[in-house]
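Source file: coords-v5.cif. Holds: mmCIF, C-alpha atoms.
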data_final
loop_
_atom_site.label_atom_id
_atom_site.label_comp_id
_atom_site.auth_asym_id
_atom_site.auth_seq_id
_atom_site.Cartn_x
_atom_site.Cartn_y
_atom_site.Cartn_z
CA MET A 1 219.79 176.17 102.81
CA ASN A 2 217.70 178.10 105.23
CA SER A 3 215.00 176.40 107.28
CA LEU A 4 212.12 177.79 105.18
CA THR A 5 213.63 176.41 101.97
CA LEU A 6 214.22 173.06 103.63
CA PHE A 7 210.66 172.97 104.96
CA LEU A 8 209.16 173.89 101.55
CA SER A 9 211.30 171.24 99.84
CA PHE A 10 210.12 168.65 102.34
CA CYS A 11 206.46 169.65 101.80
CA LEU A 12 206.88 169.50 98.03
CA ILE A 13 208.32 165.99 98.28
CA LEU A 14 205.40 164.87 100.45
CA ILE A 15 202.80 166.36 98.12
CA THR A 16 204.28 164.98 94.92
CA ASN A 17 204.59 161.51 96.41
CA SER A 18 201.06 161.39 97.80
CA PRO A 19 198.96 158.92 95.77
CA SER A 20 195.72 160.68 96.65
CA LEU A 21 196.91 164.03 95.29
CA THR A 22 198.62 162.90 92.12
CA ASN A 23 197.60 160.66 89.28
CA ALA A 24 198.78 157.12 89.77
CA ASN A 25 199.36 154.81 86.88
CA GLY A 26 197.04 151.92 86.07
CA SER A 27 199.22 149.33 87.78
CA ASP A 28 199.19 151.27 91.06
CA LEU A 29 195.44 151.71 90.91
CA ILE A 30 194.90 148.06 90.06
CA SER A 31 197.04 146.93 92.97
CA GLN A 32 195.03 149.16 95.33
CA ILE A 33 191.76 147.65 94.06
CA CYS A 34 192.96 144.05 93.99
CA LYS A 35 194.48 144.33 97.46
CA ALA A 36 190.90 144.45 98.76
CA SER A 37 189.85 141.45 96.66
CA VAL A 38 189.31 137.97 98.03
CA ASN A 39 191.42 136.60 95.16
CA GLN A 40 194.16 139.17 94.47
CA LYS A 41 195.83 137.16 91.70
CA GLU A 42 192.61 136.62 89.76
CA CYS A 43 191.71 140.30 90.11
CA THR A 44 195.14 141.40 88.91
CA ASP A 45 195.16 138.91 86.04
CA ILE A 46 191.75 140.07 84.81
CA LEU A 47 192.52 143.79 85.00
CA THR A 48 196.08 143.80 83.68
CA ALA A 49 194.97 142.00 80.52
CA TYR A 50 193.21 145.12 79.23
CA PRO A 51 195.22 148.15 78.04
CA ARG A 52 192.47 150.71 78.71
CA ILE A 53 192.38 149.64 82.34
CA MET A 54 196.18 149.73 82.56
CA HIS A 55 196.15 153.32 81.27
CA ALA A 56 193.69 154.64 83.84
CA ASN A 57 195.02 157.74 85.59
CA ASN A 58 192.62 157.84 88.52
CA PHE A 59 189.96 155.76 90.24
CA PHE A 60 187.13 157.23 88.18
CA GLU A 61 188.81 156.25 84.91
CA LEU A 62 189.61 152.82 86.36
CA ALA A 63 186.02 152.19 87.51
CA GLU A 64 184.66 153.39 84.19
CA ALA A 65 187.05 151.15 82.23
CA ILE A 66 186.15 148.13 84.38
CA LEU A 67 182.43 148.78 83.87
CA GLN A 68 182.94 149.18 80.11
CA LEU A 69 184.92 145.93 79.99
CA SER A 70 182.21 144.21 82.05
CA LEU A 71 179.48 145.48 79.72
CA TYR A 72 181.42 144.32 76.67
CA LYS A 73 181.97 140.87 78.22
CA ALA A 74 178.28 140.62 79.13
CA ILE A 75 177.21 141.48 75.57
CA GLU A 76 179.69 138.96 74.13
CA GLY A 77 178.50 136.38 76.67
CA GLN A 78 174.90 136.93 75.67
CA LYS A 79 175.83 136.49 71.98
CA PHE A 80 177.60 133.23 72.83
CA LEU A 81 174.58 131.99 74.81
CA ARG A 82 172.14 132.93 72.04
CA THR A 83 174.25 131.07 69.49
CA LEU A 84 174.43 128.03 71.76
CA MET A 85 170.69 128.26 72.40
CA LYS A 86 170.06 127.68 68.68
CA SER A 87 171.97 124.39 68.65
CA GLU A 88 171.06 123.09 72.13
CA ASN A 89 167.47 122.48 73.14
CA VAL A 90 168.02 123.39 76.79
CA PRO A 91 165.54 125.84 78.36
CA ALA A 92 168.14 126.91 80.96
CA ILE A 93 170.38 128.25 78.19
CA ALA A 94 167.47 130.29 76.84
CA GLN A 95 166.90 131.68 80.33
CA CYS A 96 170.59 132.57 80.62
CA ALA A 97 170.67 134.27 77.22
CA ASN A 98 167.35 136.07 77.27
CA SER A 99 166.74 136.90 80.91
CA ASP A 100 169.84 136.53 83.03
CA TYR A 101 172.38 138.15 80.70
CA GLU A 102 169.89 140.80 79.61
CA SER A 103 169.71 141.84 83.27
CA VAL A 104 173.52 141.88 83.49
CA ILE A 105 173.77 144.15 80.44
CA THR A 106 171.07 146.48 81.81
CA ALA A 107 172.80 146.66 85.19
CA TYR A 108 176.17 147.59 83.67
CA LYS A 109 174.60 150.23 81.44
CA SER A 110 172.86 151.69 84.49
CA ALA A 111 176.09 151.60 86.51
CA LEU A 112 177.93 153.46 83.76
CA SER A 113 175.20 156.08 83.51
CA LYS A 114 175.30 156.75 87.28
CA LEU A 115 179.05 156.48 87.87
CA LYS A 116 179.93 160.17 87.68
CA ASP A 117 177.00 161.72 89.55
CA ASP A 118 175.95 158.93 91.89
CA PRO A 119 178.68 156.35 92.59
CA LYS A 120 176.65 154.71 95.39
CA THR A 121 173.87 153.86 92.96
CA ALA A 122 176.43 152.80 90.34
CA LYS A 123 177.91 150.42 92.91
CA HIS A 124 174.46 148.99 93.58
CA TYR A 125 173.94 148.33 89.85
CA ALA A 126 177.43 146.81 89.48
CA ARG A 127 176.70 144.49 92.40
CA ASP A 128 173.31 143.58 90.89
CA ALA A 129 175.07 142.61 87.65
CA GLY A 130 176.52 139.66 89.55
CA ASN A 131 173.03 138.22 90.12
CA GLY A 132 172.55 137.26 86.45
CA PRO A 133 175.45 134.79 86.31
CA VAL A 134 174.33 133.24 89.61
CA SER A 135 170.79 132.82 88.29
CA CYS A 136 172.14 131.33 85.06
CA GLU A 137 174.34 128.88 86.94
CA THR A 138 171.43 127.88 89.18
CA ALA A 139 169.21 127.23 86.16
CA LEU A 140 171.93 125.13 84.52
CA ALA A 141 172.53 123.17 87.74
CA ALA A 142 168.84 122.29 87.86
CA THR A 143 169.26 120.70 84.43
CA THR A 144 170.97 117.61 85.73
CA VAL A 145 171.67 116.13 82.29
CA TYR A 146 173.42 119.18 80.86
CA PHE A 147 176.71 120.81 81.75
CA ASN A 148 178.68 123.29 79.69
CA PHE A 149 182.13 124.25 80.91
CA GLU A 150 182.21 127.41 78.77
CA ILE A 151 178.99 128.75 80.28
CA SER A 152 180.24 128.06 83.80
CA ASN A 153 183.52 129.85 83.05
CA LEU A 154 181.59 132.78 81.59
CA ASN A 155 179.42 132.96 84.72
CA ILE A 156 182.47 132.85 86.98
CA GLN A 157 184.24 135.60 85.02
CA MET A 158 181.12 137.80 85.00
CA GLY A 159 180.69 137.31 88.75
CA SER A 160 184.31 138.30 89.28
CA LEU A 161 183.94 141.41 87.13
CA SER A 162 180.88 142.47 89.09
CA TYR A 163 182.79 142.10 92.35
CA ILE A 164 185.87 143.92 91.03
CA ALA A 165 183.71 146.75 89.65
CA THR A 166 182.17 147.27 93.09
CA LEU A 167 185.65 147.43 94.64
CA ALA A 168 186.70 150.07 92.11
CA ILE A 169 183.55 152.13 92.62
CA ASP A 170 184.12 151.97 96.39
CA LYS A 171 187.19 154.17 95.83
CA LEU A 172 184.91 156.92 94.49
CA ILE A 173 182.52 156.91 97.42
CA ILE A 174 183.56 159.33 100.11
#
Translate the structure of the given file into structure tokens.
Amino acid sequence: MNSLTLFLSFCLILITNSPSLTNANGSDLISQICKASVNQKECTDILTAYPRIMHANNFFELAEAILQLSLYKAIEGQKFLRTLMKSENVPAIAQCANSDYESVITAYKSALSKLKDDPKTAKHYARDAGNGPVSCETALAATTVYFNFEISNLNIQMGSLSYIATLAIDKLII
């Protein structure tokens, strides 16, 4: 082998093994996102449970899949809260269902609409989506005679998804 061939081979190896220049698989992307998370295990557990996220080929696809999952979970959460609201006469649940989770859904829709052209604004919306579960939890805490474990778990999961979505979108901001 001459030196030029050796040099070109070496360069080809470097280029093909560079994660920023090639498509990584979902697991690699997830580990890069969750490495920055406060709770790496929770982040990994949440994201690896969803095939669309696992099949992401780049950070844009990953962020989009996380936002779509978050939107779906917010819509399902709102349905759950509205059903519970009918059987429980607790004003805080009505606030959670009608105001707090409506704002979460709106924020995720806005984040998805801005993701491609304006990731900074998408990140802002994804972060704002975490405010709804906090507001819901605060309203429930003020109702000292009522506690619902399922609502608290929903709020925790939605807060985590908001945080994870912002971490994923961060990878798109240069």
Would you kindly translate the PyMOL selection byres ((chain A and resi 132) around 7) into the concrete residues it picks from this file, as an MDAnalysis selection string?
chainID A and resid 100:101 103:104 129:131 133:136
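Atom CA of Ser152 of chain A lies 6.7 Å from atom CA of Glu137 of chain A.
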So which residues touch Gln157 of chain A within 12 Å, counting all atoms listed in the file, skipping near sequence neighbours fewer than 5 positions away, as a PDB file with C-alpha atoms, in the coordinates of the input?
ATOM      1  CA  GLU A  42     192.610 136.620  89.760  1.00  0.00           C
ATOM      2  CA  CYS A  43     191.710 140.300  90.110  1.00  0.00           C
ATOM      3  CA  ASP A  45     195.160 138.910  86.040  1.00  0.00           C
ATOM      4  CA  ILE A  46     191.750 140.070  84.810  1.00  0.00           C
ATOM      5  CA  LEU A  47     192.520 143.790  85.000  1.00  0.00           C
ATOM      6  CA  LEU A  69     184.920 145.930  79.990  1.00  0.00           C
ATOM      7  CA  SER A  70     182.210 144.210  82.050  1.00  0.00           C
ATOM      8  CA  LYS A  73     181.970 140.870  78.220  1.00  0.00           C
ATOM      9  CA  ALA A  74     178.280 140.620  79.130  1.00  0.00           C
ATOM     10  CA  GLY A  77     178.500 136.380  76.670  1.00  0.00           C
ATOM     11  CA  ALA A 129     175.070 142.610  87.650  1.00  0.00           C
ATOM     12  CA  GLY A 130     176.520 139.660  89.550  1.00  0.00           C
ATOM     13  CA  GLY A 132     172.550 137.260  86.450  1.00  0.00           C
ATOM     14  CA  PRO A 133     175.450 134.790  86.310  1.00  0.00           C
ATOM     15  CA  VAL A 134     174.330 133.240  89.610  1.00  0.00           C
ATOM     16  CA  GLU A 150     182.210 127.410  78.770  1.00  0.00           C
ATOM     17  CA  ILE A 151     178.990 128.750  80.280  1.00  0.00           C
ATOM     18  CA  SER A 152     180.240 128.060  83.800  1.00  0.00           C
ATOM     19  CA  SER A 162     180.880 142.470  89.090  1.00  0.00           C
ATOM     20  CA  TYR A 163     182.790 142.100  92.350  1.00  0.00           C
ATOM     21  CA  ILE A 164     185.870 143.920  91.030  1.00  0.00           C
TER      22      ILE A 164
END
Please list as a PyMOL selection string every residue within 9 Å of segment 116-124 of chain A, counting all atoms listed in the file and excluding residues in the same chain fewer than 5 positions away.
chain A and resi 60+64+107-108+110-111+129+165-170+172-173
Do you have the atom CA of Tyr72 of chain A-atom CA of Asn153 of chain A distance handy?
16.0 Å
At what distance in Å, to one decimal, does atom CA of Thr143 of chain A lie from atom CA of Asp128 of chain A?
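Going from atom CA of Asp128 of chain A over to atom CA of Thr143 of chain A, I get 24.1 Å.
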So which residues touch Ala49 of chain A within 12 Å, counting all atoms listed in the file, skipping near sequence neighbours fewer than 5 positions away, as a short mmCIF file (atom, residue, chain, number, x, y, z; two decimals) with C-alpha atoms, in the coordinates of the input?
data_model
loop_
_atom_site.label_atom_id
_atom_site.label_comp_id
_atom_site.auth_asym_id
_atom_site.auth_seq_id
_atom_site.Cartn_x
_atom_site.Cartn_y
_atom_site.Cartn_z
CA GLY A 26 197.04 151.92 86.07
CA SER A 27 199.22 149.33 87.78
CA ILE A 30 194.90 148.06 90.06
CA GLU A 42 192.61 136.62 89.76
CA CYS A 43 191.71 140.30 90.11
CA THR A 44 195.14 141.40 88.91
CA MET A 54 196.18 149.73 82.56
CA HIS A 55 196.15 153.32 81.27
CA ILE A 66 186.15 148.13 84.38
CA LEU A 69 184.92 145.93 79.99
#
Quick one: residues within 9 Å of Lys109 of chain A, all atoms listed in the file counted, chain neighbours fewer than 3 positions away excluded, as a list in words?
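So the residues in contact are Leu67, Gln68, Leu71, Val104, Ile105, Thr106, Leu112, Ser113, Lys114 and Tyr125 of chain A.
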Hey, what comes out of the PyMOL selection byres ((chain A and resi 79-86) around 10) on this file? Could you write it as a ChimeraX atom specification?
/A:73-78,87-98,101,150-151,154
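Considering the residues A:Ser31, A:Val38, A:Ile174, A:Leu115 and counting all atoms listed in the file, Glu61 of chain A has its shortest atom-to-atom contact with A:Leu115.
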With C-alpha atoms as the atom set, please write segment 58-168 of chain A from the structure just given, as a tab-separated table (two decimals), in the first residue's frame.
chain	number	residue	atom	x	y	z
A	58	ASN	CA	-31.10	11.51	13.36
A	59	PHE	CA	-31.75	14.12	16.03
A	60	PHE	CA	-34.53	15.81	14.06
A	61	GLU	CA	-36.47	12.56	13.75
A	62	LEU	CA	-35.82	11.83	17.43
A	63	ALA	CA	-37.02	15.26	18.59
A	64	GLU	CA	-40.08	15.03	16.36
A	65	ALA	CA	-40.94	11.54	17.66
A	66	ILE	CA	-40.54	12.68	21.28
A	67	LEU	CA	-42.79	15.69	20.66
A	68	GLN	CA	-45.39	13.48	18.94
A	69	LEU	CA	-45.29	11.03	21.85
A	70	SER	CA	-45.60	13.93	24.30
A	71	LEU	CA	-48.59	15.35	22.42
A	72	TYR	CA	-50.27	11.95	22.35
A	73	LYS	CA	-49.68	11.47	26.09
A	74	ALA	CA	-51.03	14.97	26.82
A	75	ILE	CA	-54.20	14.28	24.81
A	76	GLU	CA	-54.69	10.92	26.55
A	77	GLY	CA	-54.02	12.59	29.90
A	78	GLN	CA	-56.62	15.24	29.21
A	79	LYS	CA	-59.17	12.53	28.28
A	80	PHE	CA	-58.42	10.73	31.54
A	81	LEU	CA	-58.82	13.95	33.54
A	82	ARG	CA	-62.09	14.84	31.80
A	83	THR	CA	-63.47	11.38	32.54
A	84	LEU	CA	-62.40	11.67	36.18
A	85	MET	CA	-63.86	15.17	36.36
A	86	LYS	CA	-67.32	13.72	35.62
A	87	SER	CA	-67.20	11.36	38.60
A	88	GLU	CA	-65.29	13.56	41.07
A	89	ASN	CA	-66.60	16.93	42.17
A	90	VAL	CA	-63.15	18.48	42.58
A	91	PRO	CA	-62.59	21.90	40.94
A	92	ALA	CA	-58.82	21.25	40.74
A	93	ILE	CA	-59.43	18.30	38.41
A	94	ALA	CA	-61.54	20.54	36.16
A	95	GLN	CA	-58.69	23.06	36.12
A	96	CYS	CA	-56.22	20.32	35.22
A	97	ALA	CA	-58.42	18.95	32.43
A	98	ASN	CA	-59.68	22.17	30.91
A	99	SER	CA	-56.91	24.67	31.45
A	100	ASP	CA	-53.63	23.03	32.40
A	101	TYR	CA	-53.66	20.12	29.95
A	102	GLU	CA	-55.16	22.27	27.20
A	103	SER	CA	-52.07	24.48	27.52
A	104	VAL	CA	-49.81	21.40	27.39
A	105	ILE	CA	-51.48	20.19	24.18
A	106	THR	CA	-51.23	23.66	22.61
A	107	ALA	CA	-47.56	23.93	23.55
A	108	TYR	CA	-46.68	20.57	21.99
A	109	LYS	CA	-48.59	21.37	18.81
A	110	SER	CA	-46.71	24.67	18.60
A	111	ALA	CA	-43.38	22.95	19.24
A	112	LEU	CA	-44.05	20.47	16.45
A	113	SER	CA	-45.02	23.23	14.04
A	114	LYS	CA	-41.80	25.16	14.73
A	115	LEU	CA	-39.36	22.26	15.02
A	116	LYS	CA	-38.03	22.26	11.46
A	117	ASP	CA	-37.72	25.99	10.80
A	118	ASP	CA	-37.19	27.40	14.28
A	119	PRO	CA	-35.86	24.88	16.82
A	120	LYS	CA	-35.18	27.60	19.43
A	121	THR	CA	-38.85	28.53	19.50
A	122	ALA	CA	-39.82	24.84	19.45
A	123	LYS	CA	-37.63	24.33	22.51
A	124	HIS	CA	-39.36	27.24	24.24
A	125	TYR	CA	-42.78	25.66	23.57
A	126	ALA	CA	-41.59	22.21	24.70
A	127	ARG	CA	-40.30	23.75	27.93
A	128	ASP	CA	-43.59	25.63	28.41
A	129	ALA	CA	-45.47	22.33	28.09
A	130	GLY	CA	-43.98	21.38	31.46
A	131	ASN	CA	-45.81	24.26	33.16
A	132	GLY	CA	-49.25	22.62	32.79
A	133	PRO	CA	-48.46	19.56	34.92
A	134	VAL	CA	-46.86	21.80	37.58
A	135	SER	CA	-49.95	24.01	37.67
A	136	CYS	CA	-52.18	20.94	37.86
A	137	GLU	CA	-50.16	19.46	40.72
A	138	THR	CA	-50.24	22.79	42.57
A	139	ALA	CA	-54.02	23.00	42.22
A	140	LEU	CA	-54.41	19.44	43.48
A	141	ALA	CA	-52.06	20.08	46.42
A	142	ALA	CA	-54.21	23.04	47.46
A	143	THR	CA	-57.15	20.62	47.71
A	144	THR	CA	-56.02	19.13	50.98
A	145	VAL	CA	-58.77	16.50	51.13
A	146	TYR	CA	-58.13	15.01	47.69
A	147	PHE	CA	-55.19	13.07	46.33
A	148	ASN	CA	-55.08	10.97	43.20
A	149	PHE	CA	-51.97	8.90	42.57
A	150	GLU	CA	-52.78	8.48	38.86
A	151	ILE	CA	-52.96	12.24	38.29
A	152	SER	CA	-49.67	12.77	40.12
A	153	ASN	CA	-48.00	10.07	38.02
A	154	LEU	CA	-49.41	11.63	34.86
A	155	ASN	CA	-48.05	15.04	35.89
A	156	ILE	CA	-44.63	13.57	36.65
A	157	GLN	CA	-44.48	11.75	33.31
A	158	MET	CA	-45.59	14.85	31.39
A	159	GLY	CA	-42.99	16.96	33.18
A	160	SER	CA	-40.32	14.41	32.28
A	161	LEU	CA	-41.39	14.36	28.63
A	162	SER	CA	-41.21	18.15	28.47
A	163	TYR	CA	-37.68	18.08	29.87
A	164	ILE	CA	-36.56	15.25	27.56
A	165	ALA	CA	-38.06	17.03	24.53
A	166	THR	CA	-36.02	20.14	25.33
A	167	LEU	CA	-32.86	18.02	25.56
A	168	ALA	CA	-33.57	16.49	22.16
